[in-house]
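Asker: What follows is the file coords-v1.json, containing JSON, N, CA and C atoms:
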[["chain", "number", "residue", "atom", "x", "y", "z"],
["A", 1, "MET", "N", -69.32, 29.74, 202.50],
["A", 1, "MET", "CA", -68.11, 30.32, 201.93],
["A", 1, "MET", "C", -66.96, 29.34, 202.11],
["A", 2, "SER", "N", -66.14, 29.24, 201.10],
["A", 2, "SER", "CA", -65.03, 28.30, 201.13],
["A", 2, "SER", "C", -64.01, 28.69, 202.19],
["A", 3, "ARG", "N", -63.64, 27.71, 202.99],
["A", 3, "ARG", "CA", -62.63, 27.96, 204.03],
["A", 3, "ARG", "C", -61.27, 28.18, 203.42],
["A", 4, "LYS", "N", -61.07, 27.73, 202.19],
["A", 4, "LYS", "CA", -59.79, 27.94, 201.52],
["A", 4, "LYS", "C", -59.58, 29.41, 201.17],
["A", 5, "VAL", "N", -60.65, 30.16, 201.03],
["A", 5, "VAL", "CA", -60.55, 31.57, 200.64],
["A", 5, "VAL", "C", -60.62, 32.48, 201.86],
["A", 6, "LYS", "N", -61.47, 32.17, 202.79],
["A", 6, "LYS", "CA", -61.73, 33.02, 203.95],
["A", 6, "LYS", "C", -60.49, 33.12, 204.83],
["A", 7, "GLY", "N", -60.19, 34.33, 205.23],
["A", 7, "GLY", "CA", -59.06, 34.56, 206.12],
["A", 7, "GLY", "C", -58.88, 36.05, 206.34],
["A", 8, "LYS", "N", -58.02, 36.40, 207.27],
["A", 8, "LYS", "CA", -57.89, 37.82, 207.61],
["A", 8, "LYS", "C", -57.35, 38.65, 206.44],
["A", 9, "PHE", "N", -56.44, 38.08, 205.65],
["A", 9, "PHE", "CA", -55.91, 38.84, 204.53],
["A", 9, "PHE", "C", -56.96, 39.03, 203.44],
["A", 10, "THR", "N", -57.73, 37.98, 203.18],
["A", 10, "THR", "CA", -58.79, 38.08, 202.18],
["A", 10, "THR", "C", -59.89, 39.02, 202.65],
["A", 11, "ASP", "N", -60.24, 38.93, 203.92],
["A", 11, "ASP", "CA", -61.23, 39.87, 204.49],
["A", 11, "ASP", "C", -60.78, 41.30, 204.27],
["A", 12, "GLN", "N", -59.50, 41.57, 204.55],
["A", 12, "GLN", "CA", -58.95, 42.92, 204.38],
["A", 12, "GLN", "C", -59.02, 43.34, 202.91],
["A", 13, "LEU", "N", -58.69, 42.43, 202.01],
["A", 13, "LEU", "CA", -58.75, 42.73, 200.57],
["A", 13, "LEU", "C", -60.16, 43.10, 200.16],
["A", 14, "PHE", "N", -61.14, 42.29, 200.55],
["A", 14, "PHE", "CA", -62.52, 42.56, 200.15],
["A", 14, "PHE", "C", -63.04, 43.86, 200.76],
["A", 15, "LYS", "N", -62.66, 44.15, 201.99],
["A", 15, "LYS", "CA", -63.05, 45.42, 202.61],
["A", 15, "LYS", "C", -62.44, 46.59, 201.83],
["A", 16, "ALA", "N", -61.19, 46.42, 201.40],
["A", 16, "ALA", "CA", -60.53, 47.47, 200.61],
["A", 16, "ALA", "C", -61.27, 47.68, 199.29],
["A", 17, "ILE", "N", -61.64, 46.59, 198.62],
["A", 17, "ILE", "CA", -62.35, 46.71, 197.35],
["A", 17, "ILE", "C", -63.68, 47.43, 197.53],
["A", 18, "LEU", "N", -64.37, 47.11, 198.62],
["A", 18, "LEU", "CA", -65.66, 47.77, 198.88],
["A", 18, "LEU", "C", -65.52, 49.27, 199.15],
["A", 19, "LEU", "N", -64.32, 49.73, 199.48],
["A", 19, "LEU", "CA", -64.09, 51.15, 199.72],
["A", 19, "LEU", "C", -63.80, 51.94, 198.44],
["A", 20, "LEU", "N", -63.57, 51.24, 197.34],
["A", 20, "LEU", "CA", -63.32, 51.92, 196.07],
["A", 20, "LEU", "C", -64.58, 52.64, 195.61],
["A", 21, "LYS", "N", -64.42, 53.88, 195.16],
["A", 21, "LYS", "CA", -65.59, 54.73, 194.88],
["A", 21, "LYS", "C", -66.01, 54.77, 193.43],
["A", 22, "ASP", "N", -65.10, 54.50, 192.50],
["A", 22, "ASP", "CA", -65.47, 54.59, 191.09],
["A", 22, "ASP", "C", -64.53, 53.72, 190.25],
["A", 23, "GLU", "N", -64.81, 53.70, 188.96],
["A", 23, "GLU", "CA", -64.04, 52.85, 188.05],
["A", 23, "GLU", "C", -62.56, 53.24, 188.02],
["A", 24, "LYS", "N", -62.26, 54.53, 188.06],
["A", 24, "LYS", "CA", -60.86, 54.97, 188.05],
["A", 24, "LYS", "C", -60.13, 54.45, 189.27],
["A", 25, "GLU", "N", -60.76, 54.54, 190.45],
["A", 25, "GLU", "CA", -60.12, 54.01, 191.66],
["A", 25, "GLU", "C", -59.91, 52.50, 191.54],
["A", 26, "CYS", "N", -60.85, 51.80, 190.92],
["A", 26, "CYS", "CA", -60.69, 50.35, 190.72],
["A", 26, "CYS", "C", -59.49, 50.07, 189.83],
["A", 27, "TYR", "N", -59.40, 50.79, 188.71],
["A", 27, "TYR", "CA", -58.24, 50.61, 187.83],
["A", 27, "TYR", "C", -56.94, 50.88, 188.57],
["A", 28, "ASP", "N", -56.88, 51.98, 189.30],
["A", 28, "ASP", "CA", -55.65, 52.34, 190.01],
["A", 28, "ASP", "C", -55.27, 51.27, 191.03],
["A", 29, "PHE", "N", -56.24, 50.83, 191.83],
["A", 29, "PHE", "CA", -55.98, 49.84, 192.86],
["A", 29, "PHE", "C", -55.57, 48.50, 192.25],
["A", 30, "PHE", "N", -56.34, 48.03, 191.28],
["A", 30, "PHE", "CA", -56.05, 46.72, 190.71],
["A", 30, "PHE", "C", -54.75, 46.71, 189.91],
["A", 31, "ARG", "N", -54.38, 47.82, 189.29],
["A", 31, "ARG", "CA", -53.09, 47.88, 188.59],
["A", 31, "ARG", "C", -51.94, 47.78, 189.57],
["A", 32, "ASP", "N", -52.15, 48.27, 190.79],
["A", 32, "ASP", "CA", -51.10, 48.17, 191.81],
["A", 32, "ASP", "C", -51.05, 46.79, 192.45],
["A", 33, "ILE", "N", -52.18, 46.15, 192.64],
["A", 33, "ILE", "CA", -52.24, 44.91, 193.41],
["A", 33, "ILE", "C", -52.11, 43.65, 192.55],
["A", 34, "ALA", "N", -52.36, 43.76, 191.26],
["A", 34, "ALA", "CA", -52.33, 42.58, 190.38],
["A", 34, "ALA", "C", -51.60, 42.91, 189.09],
["A", 35, "THR", "N", -51.20, 41.85, 188.40],
["A", 35, "THR", "CA", -50.57, 42.05, 187.10],
["A", 35, "THR", "C", -51.65, 42.34, 186.06],
["A", 36, "VAL", "N", -51.23, 42.89, 184.95],
["A", 36, "VAL", "CA", -52.16, 43.15, 183.86],
["A", 36, "VAL", "C", -52.82, 41.83, 183.43],
["A", 37, "GLY", "N", -52.03, 40.76, 183.35],
["A", 37, "GLY", "CA", -52.56, 39.46, 182.96],
["A", 37, "GLY", "C", -53.61, 38.94, 183.92],
["A", 38, "GLU", "N", -53.38, 39.13, 185.22],
["A", 38, "GLU", "CA", -54.36, 38.67, 186.22],
["A", 38, "GLU", "C", -55.67, 39.45, 186.10],
["A", 39, "ILE", "N", -55.56, 40.75, 185.90],
["A", 39, "ILE", "CA", -56.76, 41.58, 185.77],
["A", 39, "ILE", "C", -57.53, 41.18, 184.51],
["A", 40, "LYS", "N", -56.81, 41.01, 183.41],
["A", 40, "LYS", "CA", -57.47, 40.62, 182.16],
["A", 40, "LYS", "C", -58.12, 39.25, 182.30],
["A", 41, "ALA", "N", -57.47, 38.33, 183.00],
["A", 41, "ALA", "CA", -58.03, 36.99, 183.20],
["A", 41, "ALA", "C", -59.34, 37.06, 183.97],
["A", 42, "LEU", "N", -59.41, 37.91, 184.98],
["A", 42, "LEU", "CA", -60.65, 38.08, 185.74],
["A", 42, "LEU", "C", -61.76, 38.63, 184.84],
["A", 43, "GLY", "N", -61.41, 39.61, 184.03],
["A", 43, "GLY", "CA", -62.39, 40.17, 183.10],
["A", 43, "GLY", "C", -62.87, 39.14, 182.10],
["A", 44, "GLN", "N", -61.94, 38.32, 181.62],
["A", 44, "GLN", "CA", -62.32, 37.27, 180.66],
["A", 44, "GLN", "C", -63.27, 36.26, 181.31],
["A", 45, "ARG", "N", -63.01, 35.90, 182.56],
["A", 45, "ARG", "CA", -63.87, 34.94, 183.24],
["A", 45, "ARG", "C", -65.29, 35.47, 183.39],
["A", 46, "LEU", "N", -65.41, 36.75, 183.68],
["A", 46, "LEU", "CA", -66.74, 37.34, 183.78],
["A", 46, "LEU", "C", -67.45, 37.29, 182.42],
["A", 47, "GLU", "N", -66.71, 37.59, 181.37],
["A", 47, "GLU", "CA", -67.29, 37.51, 180.03],
["A", 47, "GLU", "C", -67.68, 36.08, 179.68],
["A", 48, "VAL", "N", -66.85, 35.11, 180.06],
["A", 48, "VAL", "CA", -67.17, 33.70, 179.82],
["A", 48, "VAL", "C", -68.47, 33.34, 180.54],
["A", 49, "ALA", "N", -68.61, 33.77, 181.77],
["A", 49, "ALA", "CA", -69.84, 33.48, 182.53],
["A", 49, "ALA", "C", -71.05, 34.07, 181.82],
["A", 50, "LYS", "N", -70.92, 35.29, 181.35],
["A", 50, "LYS", "CA", -72.02, 35.94, 180.63],
["A", 50, "LYS", "C", -72.37, 35.15, 179.37],
["A", 51, "MET", "N", -71.35, 34.75, 178.62],
["A", 51, "MET", "CA", -71.59, 34.03, 177.37],
["A", 51, "MET", "C", -72.19, 32.65, 177.63],
["A", 52, "LEU", "N", -71.74, 31.97, 178.68],
["A", 52, "LEU", "CA", -72.33, 30.67, 179.02],
["A", 52, "LEU", "C", -73.80, 30.83, 179.38],
["A", 53, "LYS", "N", -74.12, 31.86, 180.16],
["A", 53, "LYS", "CA", -75.52, 32.09, 180.52],
["A", 53, "LYS", "C", -76.36, 32.37, 179.29],
["A", 54, "GLU", "N", -75.75, 32.98, 178.27],
["A", 54, "GLU", "CA", -76.47, 33.30, 177.04],
["A", 54, "GLU", "C", -76.52, 32.11, 176.08],
["A", 55, "GLY", "N", -75.88, 31.00, 176.44],
["A", 55, "GLY", "CA", -75.97, 29.79, 175.65],
["A", 55, "GLY", "C", -74.94, 29.60, 174.55],
["A", 56, "TYR", "N", -73.89, 30.38, 174.57],
["A", 56, "TYR", "CA", -72.86, 30.22, 173.54],
["A", 56, "TYR", "C", -72.10, 28.92, 173.72],
["A", 57, "THR", "N", -71.60, 28.39, 172.63],
["A", 57, "THR", "CA", -70.82, 27.15, 172.67],
["A", 57, "THR", "C", -69.39, 27.44, 173.14],
["A", 58, "TYR", "N", -68.73, 26.38, 173.59],
["A", 58, "TYR", "CA", -67.32, 26.51, 173.99],
["A", 58, "TYR", "C", -66.48, 27.06, 172.85],
["A", 59, "ASP", "N", -66.68, 26.53, 171.65],
["A", 59, "ASP", "CA", -65.89, 26.97, 170.50],
["A", 59, "ASP", "C", -66.05, 28.47, 170.25],
["A", 60, "HIS", "N", -67.28, 28.95, 170.34],
["A", 60, "HIS", "CA", -67.53, 30.38, 170.13],
["A", 60, "HIS", "C", -66.88, 31.21, 171.24],
["A", 61, "ILE", "N", -66.97, 30.74, 172.46],
["A", 61, "ILE", "CA", -66.38, 31.47, 173.60],
["A", 61, "ILE", "C", -64.86, 31.53, 173.46],
["A", 62, "VAL", "N", -64.25, 30.41, 173.08],
["A", 62, "VAL", "CA", -62.79, 30.39, 172.86],
["A", 62, "VAL", "C", -62.42, 31.41, 171.78],
["A", 63, "GLU", "N", -63.17, 31.41, 170.70],
["A", 63, "GLU", "CA", -62.89, 32.32, 169.59],
["A", 63, "GLU", "C", -63.02, 33.79, 170.01],
["A", 64, "GLU", "N", -64.04, 34.10, 170.77],
["A", 64, "GLU", "CA", -64.31, 35.49, 171.17],
["A", 64, "GLU", "C", -63.39, 35.99, 172.28],
["A", 65, "THR", "N", -63.05, 35.12, 173.23],
["A", 65, "THR", "CA", -62.32, 35.57, 174.42],
["A", 65, "THR", "C", -60.86, 35.16, 174.46],
["A", 66, "GLY", "N", -60.54, 34.08, 173.75],
["A", 66, "GLY", "CA", -59.17, 33.58, 173.78],
["A", 66, "GLY", "C", -58.84, 32.71, 174.99],
["A", 67, "VAL", "N", -59.82, 32.42, 175.83],
["A", 67, "VAL", "CA", -59.57, 31.58, 177.00],
["A", 67, "VAL", "C", -59.53, 30.11, 176.60],
["A", 68, "SER", "N", -58.98, 29.30, 177.47],
["A", 68, "SER", "CA", -58.92, 27.86, 177.21],
["A", 68, "SER", "C", -60.25, 27.20, 177.56],
["A", 69, "THR", "N", -60.45, 26.02, 177.02],
["A", 69, "THR", "CA", -61.66, 25.28, 177.37],
["A", 69, "THR", "C", -61.64, 24.89, 178.85],
["A", 70, "ALA", "N", -60.46, 24.73, 179.43],
["A", 70, "ALA", "CA", -60.36, 24.44, 180.87],
["A", 70, "ALA", "C", -60.92, 25.60, 181.69],
["A", 71, "THR", "N", -60.62, 26.83, 181.27],
["A", 71, "THR", "CA", -61.15, 28.01, 181.97],
["A", 71, "THR", "C", -62.67, 28.06, 181.82],
["A", 72, "ILE", "N", -63.15, 27.78, 180.62],
["A", 72, "ILE", "CA", -64.59, 27.77, 180.41],
["A", 72, "ILE", "C", -65.25, 26.74, 181.31],
["A", 73, "SER", "N", -64.65, 25.57, 181.42],
["A", 73, "SER", "CA", -65.20, 24.51, 182.28],
["A", 73, "SER", "C", -65.23, 24.94, 183.75],
["A", 74, "ARG", "N", -64.17, 25.61, 184.20],
["A", 74, "ARG", "CA", -64.14, 26.09, 185.60],
["A", 74, "ARG", "C", -65.23, 27.11, 185.84],
["A", 75, "VAL", "N", -65.40, 28.03, 184.90],
["A", 75, "VAL", "CA", -66.45, 29.04, 185.05],
["A", 75, "VAL", "C", -67.82, 28.37, 185.03],
["A", 76, "LYS", "N", -68.01, 27.42, 184.13],
["A", 76, "LYS", "CA", -69.29, 26.72, 184.05],
["A", 76, "LYS", "C", -69.59, 25.98, 185.36],
["A", 77, "ARG", "N", -68.58, 25.37, 185.94],
["A", 77, "ARG", "CA", -68.74, 24.67, 187.22],
["A", 77, "ARG", "C", -69.15, 25.67, 188.32],
["A", 78, "SER", "N", -68.55, 26.84, 188.30],
["A", 78, "SER", "CA", -68.92, 27.87, 189.27],
["A", 78, "SER", "C", -70.36, 28.35, 189.06],
["A", 79, "LEU", "N", -70.74, 28.50, 187.81],
["A", 79, "LEU", "CA", -72.12, 28.91, 187.51],
["A", 79, "LEU", "C", -73.12, 27.87, 188.01],
["A", 80, "GLU", "N", -72.77, 26.60, 187.88],
["A", 80, "GLU", "CA", -73.69, 25.53, 188.24],
["A", 80, "GLU", "C", -73.65, 25.16, 189.72],
["A", 81, "TYR", "N", -72.45, 25.19, 190.32],
["A", 81, "TYR", "CA", -72.30, 24.66, 191.68],
["A", 81, "TYR", "C", -71.65, 25.63, 192.66],
["A", 82, "GLY", "N", -71.37, 26.84, 192.21],
["A", 82, "GLY", "CA", -70.66, 27.80, 193.04],
["A", 82, "GLY", "C", -71.56, 28.54, 194.01],
["A", 83, "GLU", "N", -71.09, 29.68, 194.42],
["A", 83, "GLU", "CA", -71.77, 30.50, 195.43],
["A", 83, "GLU", "C", -72.75, 31.50, 194.83],
["A", 84, "ASP", "N", -73.00, 31.42, 193.53],
["A", 84, "ASP", "CA", -73.91, 32.30, 192.78],
["A", 84, "ASP", "C", -73.38, 33.73, 192.63],
["A", 85, "GLY", "N", -72.08, 33.89, 192.81],
["A", 85, "GLY", "CA", -71.48, 35.21, 192.65],
["A", 85, "GLY", "C", -71.59, 35.73, 191.22],
["A", 86, "TYR", "N", -71.34, 34.85, 190.25],
["A", 86, "TYR", "CA", -71.48, 35.27, 188.86],
["A", 86, "TYR", "C", -72.92, 35.69, 188.57],
["A", 87, "HIS", "N", -73.87, 34.88, 189.01],
["A", 87, "HIS", "CA", -75.28, 35.21, 188.75],
["A", 87, "HIS", "C", -75.65, 36.56, 189.37],
["A", 88, "LEU", "N", -75.20, 36.78, 190.58],
["A", 88, "LEU", "CA", -75.49, 38.03, 191.29],
["A", 88, "LEU", "C", -74.96, 39.23, 190.52],
["A", 89, "ILE", "N", -73.68, 39.19, 190.18],
["A", 89, "ILE", "CA", -73.08, 40.37, 189.56],
["A", 89, "ILE", "C", -73.55, 40.57, 188.13],
["A", 90, "LEU", "N", -73.77, 39.48, 187.38],
["A", 90, "LEU", "CA", -74.29, 39.64, 186.02],
["A", 90, "LEU", "C", -75.69, 40.24, 186.03],
["A", 91, "SER", "N", -76.49, 39.83, 186.98],
["A", 91, "SER", "CA", -77.84, 40.39, 187.12],
["A", 91, "SER", "C", -77.77, 41.88, 187.45],
["A", 92, "ARG", "N", -76.89, 42.25, 188.35],
["A", 92, "ARG", "CA", -76.76, 43.67, 188.72],
["A", 92, "ARG", "C", -76.21, 44.50, 187.56],
["A", 93, "LEU", "N", -75.23, 43.96, 186.86],
["A", 93, "LEU", "CA", -74.69, 44.69, 185.70],
["A", 93, "LEU", "C", -75.75, 44.89, 184.64],
["A", 94, "GLU", "N", -76.57, 43.87, 184.43],
["A", 94, "GLU", "CA", -77.64, 43.97, 183.44],
["A", 94, "GLU", "C", -78.65, 45.03, 183.86],
["A", 95, "LYS", "N", -79.04, 45.07, 185.12],
["A", 95, "LYS", "CA", -79.98, 46.07, 185.62],
["A", 95, "LYS", "C", -79.44, 47.48, 185.47],
["A", 96, "GLU", "N", -78.11, 47.62, 185.66],
["A", 96, "GLU", "CA", -77.48, 48.93, 185.54],
["A", 96, "GLU", "C", -77.25, 49.33, 184.09],
["A", 97, "GLY", "N", -77.45, 48.40, 183.17],
["A", 97, "GLY", "CA", -77.20, 48.68, 181.76],
["A", 97, "GLY", "C", -75.72, 48.65, 181.42],
["A", 98, "ASP", "N", -74.90, 48.03, 182.30],
["A", 98, "ASP", "CA", -73.46, 47.99, 182.07],
["A", 98, "ASP", "C", -73.00, 46.72, 181.37],
["A", 99, "ILE", "N", -73.95, 45.93, 180.93],
["A", 99, "ILE", "CA", -73.63, 44.69, 180.24],
["A", 99, "ILE", "C", -74.67, 44.48, 179.14],
["A", 100, "GLU", "N", -74.21, 43.99, 178.03],
["A", 100, "GLU", "CA", -75.14, 43.78, 176.91],
["A", 100, "GLU", "C", -75.72, 42.40, 176.95]]
Let me see whether you can do it: turn the structure in this file into structure tokens.

Answerer:
Amino acid sequence: MSRKVKGKFTDQLFKAILLLKDEKECYDFFRDIATVGEIKALGQRLEVAKMLKEGYTYDHIVEETGVSTATISRVKRSLEYGEDGYHLILSRLEKEGDIE
């Protein structure tokens, strides 16, 4: 785990997120803790990861999501060299039928 991220405040944040019980609680909490733009950016990054795994081109991803090619590159780098968080959650979402 990256030492740049790990810390008592981040630990507290992640523990708080794990206490959320449903989608409504997630919306309520995230609307209070982050801006609409930040929340949308996180959602876009997850979609970019999904599209990259499915083999879509950068041009198609930009067209569909509106993100920059720099964001796509960062997500791709995380998919290839990161902590496998995207792979983990995309796999779980797929098993739950919550992702197409």

Asker: What is the atom CA of A:Gly55-atom CA of A:Lys76 distance in Å, reported with one decimal?

Answerer: 11.2 Å

Asker: How far is it from atom CA of A:Lys21 to atom N of A:Leu93, in Å with one decimal?

Answerer: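 Atom CA of A:Lys21 sits 16.5 Å away from atom N of A:Leu93.
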
Asker: Kindly indicate which residue among A:Glu96, A:Arg45, A:Met51, A:Leu13 lies nearest to A:Ile33, using only C-alpha atoms for the distances.

Answerer: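 So, comparing all the options, the nearest one is A:Leu13.
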
Asker: How would you write as a list in words the residues that get within 12 Å of (-72.8, 34.1, 189.8) in the file's frame, counting only C-alpha atoms?

Answerer: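 Every residue inside that radius is included here: Arg45, Leu46, Glu47, Val48, Ala49, Lys50, Leu52, Lys53, Val75, Lys76, Arg77, Ser78, Leu79, Glu80, Tyr81, Gly82, Glu83, Asp84, Gly85, Tyr86, His87, Leu88, Ile89, Leu90, Ser91, Arg92 and Leu93 of chain A.
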
Asker: Box along x, y and z, 8 Å on every side, all listed atoms of stretch 79-97 of chain A inside: centre and edge lengths in Å to one decimal, as JSON.

Answerer:
{"center_x": -75.3, "center_y": 37.0, "center_z": 188.4, "size_x": 25.3, "size_y": 40.7, "size_z": 30.0}

Asker: So how far away is atom C of A:Asp59 from atom C of A:Asp98, in Å?

Answerer: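 Answer for the atom C of A:Asp98 to atom C of A:Asp59 separation: 22.5 Å.
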
Asker: Output as a VMD selection string all residues of stretch 25-86 of chain A that backbone DSSP marks as helix (DSSP H, G or I).

Answerer: chain A and resid 25 to 33 36 to 53 58 to 65 69 to 81 85 to 86
